[in-house]
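Chemist: Sharing target.pdb, PDB, C-alpha atoms and all ligand atoms:
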ATOM      1  CA  MET A   1     -92.323 170.722 114.536  1.00  0.00           C
ATOM      2  CA  THR A   2     -93.605 167.184 114.246  1.00  0.00           C
ATOM      3  CA  ARG A   3     -97.309 166.921 113.863  1.00  0.00           C
ATOM      4  CA  ARG A   4     -99.455 164.356 115.593  1.00  0.00           C
ATOM      5  CA  TRP A   5    -102.630 163.316 113.839  1.00  0.00           C
ATOM      6  CA  VAL A   6    -105.815 161.636 115.073  1.00  0.00           C
ATOM      7  CA  PRO A   7    -109.031 160.662 113.295  1.00  0.00           C
ATOM      8  CA  ILE A   8    -111.274 163.735 113.218  1.00  0.00           C
ATOM      9  CA  PRO A   9    -113.349 163.565 116.418  1.00  0.00           C
ATOM     10  CA  GLN A  10    -117.099 164.037 116.454  1.00  0.00           C
ATOM     11  CA  LYS A  11    -116.812 167.509 117.931  1.00  0.00           C
ATOM     12  CA  PHE A  12    -115.422 168.566 114.541  1.00  0.00           C
ATOM     13  CA  HIS A  13    -117.988 166.709 112.472  1.00  0.00           C
ATOM     14  CA  SER A  14    -120.682 168.589 110.611  1.00  0.00           C
ATOM     15  CA  LEU A  15    -124.111 168.784 112.189  1.00  0.00           C
ATOM     16  CA  TYR A  16    -125.581 169.704 108.818  1.00  0.00           C
ATOM     17  CA  HIS A  17    -123.944 166.857 106.920  1.00  0.00           C
ATOM     18  CA  GLU A  18    -124.353 164.457 109.841  1.00  0.00           C
ATOM     19  CA  GLY A  19    -120.766 163.305 109.612  1.00  0.00           C
ATOM     20  CA  PRO A  20    -117.316 164.525 108.653  1.00  0.00           C
ATOM     21  CA  PHE A  21    -117.042 167.565 106.396  1.00  0.00           C
ATOM     22  CA  THR A  22    -116.306 166.403 102.856  1.00  0.00           C
ATOM     23  CA  ARG A  23    -116.338 169.607 100.751  1.00  0.00           C
ATOM     24  CA  CYS A  24    -114.740 173.017 100.936  1.00  0.00           C
ATOM     25  CA  VAL A  25    -117.482 175.531 101.667  1.00  0.00           C
ATOM     26  CA  ASP A  26    -116.089 177.893  99.026  1.00  0.00           C
ATOM     27  CA  CYS A  27    -114.622 175.943  96.070  1.00  0.00           C
ATOM     28  CA  ASN A  28    -116.459 172.709  96.816  1.00  0.00           C
ATOM     29  CA  ARG A  29    -113.357 170.594  96.359  1.00  0.00           C
ATOM     30  CA  ASP A  30    -113.285 167.131  97.840  1.00  0.00           C
ATOM     31  CA  LEU A  31    -111.505 167.497 101.163  1.00  0.00           C
ATOM     32  CA  HIS A  32    -110.706 163.821 101.384  1.00  0.00           C
ATOM     33  CA  ALA A  33    -108.932 163.669  98.025  1.00  0.00           C
ATOM     34  CA  ASP A  34    -105.188 164.064  97.641  1.00  0.00           C
ATOM     35  CA  ASP A  35    -103.341 165.947 100.307  1.00  0.00           C
ATOM     36  CA  CYS A  36    -105.793 168.770 100.757  1.00  0.00           C
ATOM     37  CA  THR A  37    -105.184 170.656 103.981  1.00  0.00           C
ATOM     38  CA  TYR A  38    -108.180 172.487 105.362  1.00  0.00           C
ATOM     39  CA  SER A  39    -109.517 174.034 108.499  1.00  0.00           C
ATOM     40  CA  ILE A  40    -112.735 173.375 110.324  1.00  0.00           C
ATOM     41  CA  GLU A  41    -114.454 176.035 112.388  1.00  0.00           C
ATOM     42  CA  ARG A  42    -117.587 175.596 114.435  1.00  0.00           C
ATOM     43  CA  VAL A  43    -119.340 178.120 116.627  1.00  0.00           C
ATOM     44  CA  PHE A  44    -121.328 176.974 119.644  1.00  0.00           C
ATOM     45  CA  ARG A  45    -123.899 178.719 121.780  1.00  0.00           C
ATOM     46  CA  GLY A  46    -123.852 176.690 124.946  1.00  0.00           C
ATOM     47  CA  THR A  47    -123.765 173.134 123.689  1.00  0.00           C
ATOM     48  CA  GLU A  48    -125.584 173.951 120.429  1.00  0.00           C
ATOM     49  CA  PRO A  49    -123.551 174.294 117.228  1.00  0.00           C
ATOM     50  CA  ILE A  50    -124.891 177.378 115.449  1.00  0.00           C
ATOM     51  CA  CYS A  51    -122.451 177.859 112.622  1.00  0.00           C
ATOM     52  CA  GLU A  52    -119.827 175.670 110.978  1.00  0.00           C
ATOM     53  CA  MET A  53    -117.595 175.382 107.971  1.00  0.00           C
ATOM     54  CA  ALA A  54    -114.669 173.560 106.453  1.00  0.00           C
ATOM     55  CA  ILE A  55    -112.521 175.583 104.095  1.00  0.00           C
ATOM     56  CA  CYS A  56    -109.396 174.611 102.159  1.00  0.00           C
ATOM     57  CA  LEU A  57    -106.279 176.647 102.789  1.00  0.00           C
ATOM     58  CA  ALA A  58    -106.218 178.000  99.227  1.00  0.00           C
ATOM     59  CA  CYS A  59    -109.671 179.535  99.673  1.00  0.00           C
ATOM     60  CA  ARG A  60    -108.830 180.808 103.141  1.00  0.00           C
ATOM     61  CA  ASP A  61    -105.678 182.495 101.837  1.00  0.00           C
ATOM     62  CA  ARG A  62    -107.643 184.151  99.050  1.00  0.00           C
ATOM     63  CA  ILE A  63    -110.144 185.592 101.521  1.00  0.00           C
ATOM     64  CA  VAL A  64    -107.402 186.808 103.839  1.00  0.00           C
ATOM     65  CA  GLU A  65    -105.739 188.586 100.890  1.00  0.00           C
ATOM     66  CA  GLU A  66    -108.897 190.605 100.354  1.00  0.00           C
ATOM     67  CA  LEU A  67    -108.883 191.927 103.910  1.00  0.00           C
ATOM     68  CA  SER A  68    -107.265 195.184 104.860  1.00  0.00           C
ATOM     69  CA  GLN A  69    -103.644 195.018 105.948  1.00  0.00           C
ATOM     70  CA  GLU A  70    -104.360 197.269 108.913  1.00  0.00           C
ATOM     71  CA  SER A  71    -107.017 194.915 110.231  1.00  0.00           C
ATOM     72  CA  LEU A  72    -104.798 191.894 109.804  1.00  0.00           C
ATOM     73  CA  MET A  73    -101.907 193.603 111.567  1.00  0.00           C
ATOM     74  CA  ARG A  74    -104.084 194.585 114.511  1.00  0.00           C
ATOM     75  CA  ILE A  75    -105.521 191.079 114.821  1.00  0.00           C
ATOM     76  CA  ASN A  76    -102.102 189.467 114.574  1.00  0.00           C
ATOM     77  CA  ALA A  77    -100.733 191.785 117.246  1.00  0.00           C
ATOM     78  CA  PHE A  78    -103.705 190.974 119.482  1.00  0.00           C
ATOM     79  CA  VAL A  79    -103.119 187.246 119.038  1.00  0.00           C
ATOM     80  CA  ASP A  80     -99.321 187.442 119.368  1.00  0.00           C
ATOM     81  CA  GLU A  81     -99.673 189.173 122.722  1.00  0.00           C
ATOM     82  CA  ARG A  82    -101.907 186.453 124.081  1.00  0.00           C
ATOM     83  CA  PHE A  83    -100.966 183.245 122.381  1.00  0.00           C
ATOM     84  CA  ASP A  84     -97.462 181.809 122.477  1.00  0.00           C
ATOM     85  CA  VAL A  85     -97.310 179.204 119.728  1.00  0.00           C
ATOM     86  CA  ASP A  86     -94.060 177.615 120.968  1.00  0.00           C
ATOM     87  CA  MET A  87     -95.333 177.311 124.521  1.00  0.00           C
ATOM     88  CA  ARG A  88     -98.587 175.876 123.278  1.00  0.00           C
ATOM     89  CA  TYR A  89     -96.719 173.349 121.199  1.00  0.00           C
ATOM     90  CA  GLN A  90     -94.533 172.317 124.133  1.00  0.00           C
ATOM     91  CA  ALA A  91     -97.513 171.991 126.452  1.00  0.00           C
ATOM     92  CA  THR A  92     -99.607 169.913 124.082  1.00  0.00           C
ATOM     93  CA  GLN A  93     -96.792 167.422 123.509  1.00  0.00           C
ATOM     94  CA  SER A  94     -97.566 165.769 126.853  1.00  0.00           C
ATOM     95  CA  TRP A  95    -101.339 165.676 126.361  1.00  0.00           C
ATOM     96  CA  ALA A  96    -102.980 162.391 125.408  1.00  0.00           C
ATOM     97  CA  GLY A  97    -104.324 162.507 121.872  1.00  0.00           C
ATOM     98  CA  ASN A  98    -107.711 161.172 122.904  1.00  0.00           C
ATOM     99  CA  ASP A  99    -108.254 163.874 125.521  1.00  0.00           C
ATOM    100  CA  LEU A 100    -109.612 166.622 123.279  1.00  0.00           C
ATOM    101  CA  ASP A 101    -110.923 168.625 126.245  1.00  0.00           C
ATOM    102  CA  LYS A 102    -107.347 169.509 127.106  1.00  0.00           C
ATOM    103  CA  TRP A 103    -107.145 171.499 123.882  1.00  0.00           C
ATOM    104  CA  LEU A 104    -110.579 173.058 124.100  1.00  0.00           C
ATOM    105  CA  ASP A 105    -111.386 173.718 127.749  1.00  0.00           C
ATOM    106  CA  HIS A 106    -109.966 177.262 127.844  1.00  0.00           C
ATOM    107  CA  CYS A 107    -110.031 180.189 125.446  1.00  0.00           C
ATOM    108  CA  ALA A 108    -106.592 180.120 123.832  1.00  0.00           C
ATOM    109  CA  LEU A 109    -106.439 183.920 123.888  1.00  0.00           C
ATOM    110  CA  LEU A 110    -108.202 185.099 127.057  1.00  0.00           C
ATOM    111  CA  LYS A 111    -107.851 181.855 129.075  1.00  0.00           C
ATOM    112  CA  ILE A 112    -111.543 181.915 130.000  1.00  0.00           C
ATOM    113  CA  PRO A 113    -112.856 178.428 130.860  1.00  0.00           C
ATOM    114  CA  ALA A 114    -115.264 177.007 128.269  1.00  0.00           C
ATOM    115  CA  THR A 115    -117.879 176.607 130.990  1.00  0.00           C
ATOM    116  CA  GLU A 116    -117.981 180.402 131.345  1.00  0.00           C
ATOM    117  CA  CYS A 117    -118.428 181.105 127.635  1.00  0.00           C
ATOM    118  CA  LYS A 118    -121.939 181.700 126.392  1.00  0.00           C
ATOM    119  CA  GLU A 119    -120.573 181.436 122.882  1.00  0.00           C
ATOM    120  CA  TYR A 120    -117.309 180.081 121.641  1.00  0.00           C
ATOM    121  CA  GLN A 121    -115.738 178.799 118.485  1.00  0.00           C
ATOM    122  CA  ILE A 122    -113.391 175.894 117.908  1.00  0.00           C
ATOM    123  CA  ALA A 123    -110.924 175.498 115.087  1.00  0.00           C
ATOM    124  CA  ALA A 124    -108.845 172.613 113.800  1.00  0.00           C
ATOM    125  CA  LEU A 125    -106.422 171.887 111.008  1.00  0.00           C
ATOM    126  CA  CYS A 126    -107.152 168.732 109.034  1.00  0.00           C
ATOM    127  CA  ARG A 127    -105.889 166.679 106.170  1.00  0.00           C
ATOM    128  CA  GLY A 128    -108.067 164.005 104.653  1.00  0.00           C
ATOM    129  CA  LYS A 129    -109.736 162.191 107.532  1.00  0.00           C
ATOM    130  CA  LEU A 130    -107.160 163.260 110.089  1.00  0.00           C
ATOM    131  CA  MET A 131    -106.920 166.202 112.440  1.00  0.00           C
ATOM    132  CA  SER A 132    -103.648 167.700 113.598  1.00  0.00           C
ATOM    133  CA  ILE A 133    -103.211 167.824 117.370  1.00  0.00           C
ATOM    134  CA  ASP A 134    -100.461 170.131 118.490  1.00  0.00           C
ATOM    135  CA  VAL A 135    -100.934 173.899 118.502  1.00  0.00           C
ATOM    136  CA  LEU A 136    -104.445 173.363 117.183  1.00  0.00           C
ATOM    137  CA  PRO A 137    -107.213 172.586 117.823  1.00  0.00           C
ATOM    138  CA  ILE A 138    -108.106 175.643 119.872  1.00  0.00           C
ATOM    139  CA  MET A 139    -111.117 177.222 121.461  1.00  0.00           C
ATOM    140  CA  ILE A 140    -111.757 180.952 121.124  1.00  0.00           C
ATOM    141  CA  SER A 141    -114.260 182.547 123.483  1.00  0.00           C
ATOM    142  CA  GLY A 142    -117.022 184.793 122.194  1.00  0.00           C
ATOM    143  CA  GLN A 143    -115.416 187.546 124.271  1.00  0.00           C
ATOM    144  CA  ALA A 144    -112.138 187.208 122.328  1.00  0.00           C
ATOM    145  CA  ALA A 145    -113.982 187.067 118.992  1.00  0.00           C
ATOM    146  CA  GLU A 146    -115.798 190.247 119.972  1.00  0.00           C
ATOM    147  CA  GLU A 147    -112.548 192.003 120.825  1.00  0.00           C
ATOM    148  CA  MET A 148    -111.029 190.949 117.510  1.00  0.00           C
ATOM    149  CA  GLN A 149    -114.040 192.228 115.621  1.00  0.00           C
ATOM    150  CA  ARG A 150    -113.526 195.596 117.243  1.00  0.00           C
ATOM    151  CA  LEU A 151    -109.985 195.667 115.853  1.00  0.00           C
ATOM    152  CA  MET A 152    -111.189 195.230 112.286  1.00  0.00           C
ATOM    153  CA  SER A 153    -111.869 198.034 109.879  1.00  0.00           C
ATOM    154  CA  LYS A 154    -115.466 198.385 108.740  1.00  0.00           C
ATOM    155  CA  LYS A 155    -114.399 197.125 105.315  1.00  0.00           C
ATOM    156  CA  THR A 156    -112.921 193.957 106.807  1.00  0.00           C
ATOM    157  CA  ARG A 157    -115.907 193.389 109.056  1.00  0.00           C
ATOM    158  CA  ASP A 158    -118.202 193.818 106.077  1.00  0.00           C
ATOM    159  CA  ARG A 159    -116.163 191.420 103.948  1.00  0.00           C
ATOM    160  CA  LEU A 160    -116.206 188.745 106.649  1.00  0.00           C
ATOM    161  CA  GLY A 161    -119.895 189.436 107.174  1.00  0.00           C
ATOM    162  CA  GLU A 162    -120.491 188.760 103.486  1.00  0.00           C
ATOM    163  CA  MET A 163    -118.506 185.567 103.782  1.00  0.00           C
ATOM    164  CA  VAL A 164    -120.662 184.373 106.664  1.00  0.00           C
ATOM    165  CA  GLN A 165    -123.797 185.289 104.745  1.00  0.00           C
ATOM    166  CA  GLU A 166    -122.577 183.528 101.624  1.00  0.00           C
ATOM    167  CA  PHE A 167    -121.478 180.396 103.433  1.00  0.00           C
ATOM    168  CA  PHE A 168    -124.106 180.124 106.098  1.00  0.00           C
ATOM    169  CA  GLY A 169    -127.001 182.022 104.553  1.00  0.00           C
ATOM    170  CA  MET A 170    -127.001 184.363 107.519  1.00  0.00           C
ATOM    171  CA  PRO A 171    -127.562 188.086 107.519  1.00  0.00           C
ATOM    172  CA  SER A 172    -124.253 189.901 107.613  1.00  0.00           C
ATOM    173  CA  GLU A 173    -125.210 191.645 110.845  1.00  0.00           C
ATOM    174  CA  PHE A 174    -125.201 188.130 112.327  1.00  0.00           C
ATOM    175  CA  ALA A 175    -128.798 188.758 113.377  1.00  0.00           C
ATOM    176  CA  ASP A 176    -129.579 185.090 113.751  1.00  0.00           C
ATOM    177  CA  GLY A 177    -126.002 183.954 113.768  1.00  0.00           C
ATOM    178  CA  PRO A 178    -123.252 184.127 116.314  1.00  0.00           C
ATOM    179  CA  ASP A 179    -123.077 187.257 118.479  1.00  0.00           C
ATOM    180  CA  SER A 180    -119.451 187.476 117.587  1.00  0.00           C
ATOM    181  CA  TYR A 181    -117.602 185.351 115.148  1.00  0.00           C
ATOM    182  CA  SER A 182    -114.107 186.093 114.010  1.00  0.00           C
ATOM    183  CA  PRO A 183    -112.857 183.577 111.440  1.00  0.00           C
ATOM    184  CA  MET A 184    -109.360 182.269 111.997  1.00  0.00           C
ATOM    185  CA  ILE A 185    -107.574 184.714 109.782  1.00  0.00           C
ATOM    186  CA  TRP A 186    -104.309 184.706 111.730  1.00  0.00           C
TER     187      TRP A 186
HETATM  188 ZN    ZN A 201    -111.625 175.711  98.739  1.00  0.00          ZN
END
What does this structure look like when you write it as structure tokens?
Ligand SMILES: [Zn+2]
Modeler:
Amino acid sequence: MTRRWVPIPQKFHSLYHEGPFTRCVDCNRDLHADDCTYSIERVFRGTEPICEMAICLACRDRIVEELSQESLMRINAFVDERFDVDMRYQATQSWAGNDLDKWLDHCALLKIPATECKEYQIAALCRGKLMSIDVLPIMISGQAAEEMQRLMSKKTRDRLGEMVQEFFGMPSEFADGPDSYSPMIW
């Protein structure tokens, strides 16, 4: 799989930092140094970003390791049934790199158009100041995030809730946060 890269577009910039993300939300490492690979996730309600983070892959892997195997297996099965990585890769090959909407205008899992999502999250894979454009970026509808949350054990939901609280200063019940946010743990 050859990766195409583009400068990180504004849609994946940080509202809070008023520019590109520069630090891992967990270990605080400099994301623009060396060859650090990291992901960016942002949750929108309508057009408003309500939650966002950039996290290096080492930190992400550590968090995933803490989650229950049963939850991860259920989520992976849910995603595998709905998201064909090879097909996605083939399809995106013909898309122009400056046409980000192509990647984000439908929920990658439930195929719901973005215009019909009250809430949705977007995720990208980045290195330094570049963003990979092939399988990712993707958009995940609030409906899909909700379904994935239902597949998680209480322990896993609680752990991810803590993570959101820790990183975003939000109550773990997501009282003021997203209605449904399921970090990209697959
Ligand atoms: Zn980190």
Chemist: Given the file shown, determine the residues that the PyMOL selection byres (((not hetatm)) within 7 of (chain A and resi 201)) selects; report them as JSON, numbers by chain.
Modeler: {"A": [24, 25, 26, 27, 28, 29, 55, 56, 57, 58, 59]}
Chemist: Hey, what's within 7 Å of stretch 101-117 of chain A if we count all atoms listed in the file and toss same-chain stuff fewer than 2 positions away? As number ranges by chain, please?
Modeler: A: 79, 82-83, 99, 119-120, 137-142, 144
Chemist: List, as a JSON list (two decimals) with C-alpha atoms, keeping the file's coordinate frame, every residue that the PyMOL selection byres (((chain A and resi 152) around 9) and not hetatm) selects in the file provided.
Modeler:
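Saved the output as part34.json:
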[["chain", "number", "residue", "atom", "x", "y", "z"],
["A", 68, "SER", "CA", -107.26, 195.18, 104.86],
["A", 70, "GLU", "CA", -104.36, 197.27, 108.91],
["A", 71, "SER", "CA", -107.02, 194.92, 110.23],
["A", 72, "LEU", "CA", -104.80, 191.89, 109.80],
["A", 74, "ARG", "CA", -104.08, 194.58, 114.51],
["A", 75, "ILE", "CA", -105.52, 191.08, 114.82],
["A", 148, "MET", "CA", -111.03, 190.95, 117.51],
["A", 149, "GLN", "CA", -114.04, 192.23, 115.62],
["A", 150, "ARG", "CA", -113.53, 195.60, 117.24],
["A", 151, "LEU", "CA", -109.98, 195.67, 115.85],
["A", 153, "SER", "CA", -111.87, 198.03, 109.88],
["A", 154, "LYS", "CA", -115.47, 198.38, 108.74],
["A", 155, "LYS", "CA", -114.40, 197.12, 105.32],
["A", 156, "THR", "CA", -112.92, 193.96, 106.81],
["A", 157, "ARG", "CA", -115.91, 193.39, 109.06]]
Chemist: Using only C-alpha atoms, I'd like a table of the residues in stretch 120-139 of chain A that come within 12 Å of stretch 51-54 of chain A; for each, show the closest atom pair and its distance in Å rounded to one decimal, ordered by chain and ascending number, as JSON lines.
Modeler:
{"residue": "A:Tyr120", "atom": "CA", "partner": "A:Cys51", "partner_atom": "CA", "distance": 10.6}
{"residue": "A:Gln121", "atom": "CA", "partner": "A:Cys51", "partner_atom": "CA", "distance": 9.0}
{"residue": "A:Ile122", "atom": "CA", "partner": "A:Glu52", "partner_atom": "CA", "distance": 9.5}
{"residue": "A:Ala123", "atom": "CA", "partner": "A:Ala54", "partner_atom": "CA", "distance": 9.6}
{"residue": "A:Ala124", "atom": "CA", "partner": "A:Ala54", "partner_atom": "CA", "distance": 9.4}
{"residue": "A:Leu125", "atom": "CA", "partner": "A:Ala54", "partner_atom": "CA", "distance": 9.6}
{"residue": "A:Cys126", "atom": "CA", "partner": "A:Ala54", "partner_atom": "CA", "distance": 9.3}
{"residue": "A:Arg127", "atom": "CA", "partner": "A:Ala54", "partner_atom": "CA", "distance": 11.2}
{"residue": "A:Gly128", "atom": "CA", "partner": "A:Ala54", "partner_atom": "CA", "distance": 11.8}
Chemist: Quick one: distance from atom CA of A:Met184 to atom CA of A:Glu147 in Å, one decimal?
Modeler: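 Answer for the atom CA of A:Met184 to atom CA of A:Glu147 separation: 13.5 Å.
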Chemist: For atom CA of A:Pro49 and atom CA of A:Glu162, determine how far apart the two atoms are, in Å to one decimal place.
Modeler: 20.2 Å
Chemist: With distances taken over only C-alpha atoms, which of A:Val43, A:Asp80, A:Ser94, A:Trp5 is nearest to A:Val164?
Modeler: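 Closest to A:Val164 of all the choices is A:Val43.
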Chemist: When you write stretch 89-183 of chain A out from the block above, keep C-alpha atoms and present the result as an mmCIF file, in the first residue's frame, please.
Modeler:
data_model
loop_
_atom_site.group_PDB
_atom_site.id
_atom_site.type_symbol
_atom_site.label_atom_id
_atom_site.label_comp_id
_atom_site.auth_asym_id
_atom_site.auth_seq_id
_atom_site.Cartn_x
_atom_site.Cartn_y
_atom_site.Cartn_z
ATOM 1 C CA TYR A 89 -8.150 1.978 -0.531
ATOM 2 C CA GLN A 90 -8.985 1.216 -4.160
ATOM 3 C CA ALA A 91 -11.749 3.808 -4.241
ATOM 4 C CA THR A 92 -9.695 6.594 -2.714
ATOM 5 C CA GLN A 93 -6.863 6.101 -5.202
ATOM 6 C CA SER A 94 -8.851 7.987 -7.848
ATOM 7 C CA TRP A 95 -9.911 10.837 -5.559
ATOM 8 C CA ALA A 96 -8.129 14.175 -5.845
ATOM 9 C CA GLY A 97 -6.031 14.875 -2.775
ATOM 10 C CA ASN A 98 -7.453 18.355 -2.352
ATOM 11 C CA ASP A 99 -11.056 17.144 -2.289
ATOM 12 C CA LEU A 100 -11.309 16.198 1.380
ATOM 13 C CA ASP A 101 -15.115 16.044 1.250
ATOM 14 C CA LYS A 102 -14.823 12.842 -0.743
ATOM 15 C CA TRP A 103 -13.326 11.168 2.315
ATOM 16 C CA LEU A 104 -15.648 12.718 4.859
ATOM 17 C CA ASP A 105 -19.079 13.120 3.288
ATOM 18 C CA HIS A 106 -20.430 9.722 4.389
ATOM 19 C CA CYS A 107 -20.150 7.681 7.563
ATOM 20 C CA ALA A 108 -17.537 5.051 6.729
ATOM 21 C CA LEU A 109 -19.489 2.429 8.672
ATOM 22 C CA LEU A 110 -23.200 3.171 8.206
ATOM 23 C CA LYS A 111 -22.914 5.183 4.952
ATOM 24 C CA ILE A 112 -25.099 7.963 6.363
ATOM 25 C CA PRO A 113 -24.461 11.305 4.618
ATOM 26 C CA ALA A 114 -22.701 13.878 6.813
ATOM 27 C CA THR A 115 -25.589 16.273 6.236
ATOM 28 C CA GLU A 116 -27.865 13.862 8.121
ATOM 29 C CA CYS A 117 -25.586 13.493 11.142
ATOM 30 C CA LYS A 118 -26.330 15.644 14.150
ATOM 31 C CA GLU A 119 -22.989 14.571 15.546
ATOM 32 C CA TYR A 120 -20.062 12.948 13.866
ATOM 33 C CA GLN A 121 -16.383 12.417 14.371
ATOM 34 C CA ILE A 122 -13.518 12.546 11.910
ATOM 35 C CA ALA A 123 -10.200 10.783 12.199
ATOM 36 C CA ALA A 124 -6.911 11.053 10.352
ATOM 37 C CA LEU A 125 -3.461 9.541 10.467
ATOM 38 C CA CYS A 126 -0.614 12.046 10.424
ATOM 39 C CA ARG A 127 3.122 12.275 10.486
ATOM 40 C CA GLY A 128 4.805 15.572 11.184
ATOM 41 C CA LYS A 129 2.902 18.206 9.231
ATOM 42 C CA LEU A 130 1.417 15.738 6.776
ATOM 43 C CA MET A 131 -1.799 13.765 6.723
ATOM 44 C CA SER A 132 -2.170 10.403 5.034
ATOM 45 C CA ILE A 133 -4.929 10.237 2.427
ATOM 46 C CA ASP A 134 -5.894 6.729 1.480
ATOM 47 C CA VAL A 135 -8.042 4.592 3.771
ATOM 48 C CA LEU A 136 -8.141 7.486 6.214
ATOM 49 C CA PRO A 137 -9.312 10.110 6.861
ATOM 50 C CA ILE A 138 -12.804 8.888 7.672
ATOM 51 C CA MET A 139 -16.011 10.197 9.114
ATOM 52 C CA ILE A 140 -17.940 8.188 11.698
ATOM 53 C CA SER A 141 -21.542 9.157 12.378
ATOM 54 C CA GLY A 142 -22.811 9.653 15.911
ATOM 55 C CA GLN A 143 -25.185 6.767 15.200
ATOM 56 C CA ALA A 144 -22.246 4.414 14.518
ATOM 57 C CA ALA A 145 -20.363 5.671 17.588
ATOM 58 C CA GLU A 146 -23.468 4.989 19.652
ATOM 59 C CA GLU A 147 -23.750 1.454 18.312
ATOM 60 C CA MET A 148 -20.089 0.801 19.071
ATOM 61 C CA GLN A 149 -20.499 2.085 22.600
ATOM 62 C CA ARG A 150 -23.274 -0.421 23.103
ATOM 63 C CA LEU A 151 -20.865 -3.205 22.144
ATOM 64 C CA MET A 152 -18.401 -2.246 24.859
ATOM 65 C CA SER A 153 -18.292 -3.746 28.303
ATOM 66 C CA LYS A 154 -19.022 -1.363 31.158
ATOM 67 C CA LYS A 155 -15.347 -1.548 32.118
ATOM 68 C CA THR A 156 -14.259 -0.462 28.642
ATOM 69 C CA ARG A 157 -16.847 2.290 28.478
ATOM 70 C CA ASP A 158 -15.707 3.530 31.868
ATOM 71 C CA ARG A 159 -12.046 3.454 30.852
ATOM 72 C CA LEU A 160 -12.728 5.429 27.676
ATOM 73 C CA GLY A 161 -14.934 7.763 29.687
ATOM 74 C CA GLU A 162 -12.017 8.418 32.026
ATOM 75 C CA MET A 163 -9.808 9.065 29.039
ATOM 76 C CA VAL A 164 -12.225 11.651 27.681
ATOM 77 C CA GLN A 165 -12.473 13.266 31.099
ATOM 78 C CA GLU A 166 -8.710 13.316 31.509
ATOM 79 C CA PHE A 167 -8.031 14.682 28.051
ATOM 80 C CA PHE A 168 -10.946 16.998 27.586
ATOM 81 C CA GLY A 169 -11.893 17.808 31.167
ATOM 82 C CA MET A 170 -15.359 16.451 30.518
ATOM 83 C CA PRO A 171 -17.508 14.409 32.838
ATOM 84 C CA SER A 172 -17.221 10.741 31.990
ATOM 85 C CA GLU A 173 -20.956 10.512 31.358
ATOM 86 C CA PHE A 174 -20.257 12.925 28.487
ATOM 87 C CA ALA A 175 -22.793 15.266 30.074
ATOM 88 C CA ASP A 176 -21.483 18.298 28.261
ATOM 89 C CA GLY A 177 -19.503 16.378 25.718
ATOM 90 C CA PRO A 178 -20.447 14.371 22.691
ATOM 91 C CA ASP A 179 -23.644 12.311 22.895
ATOM 92 C CA SER A 180 -21.655 9.398 21.648
ATOM 93 C CA TYR A 181 -17.975 9.264 21.083
ATOM 94 C CA SER A 182 -16.122 6.087 20.349
ATOM 95 C CA PRO A 183 -12.375 6.651 19.978
#
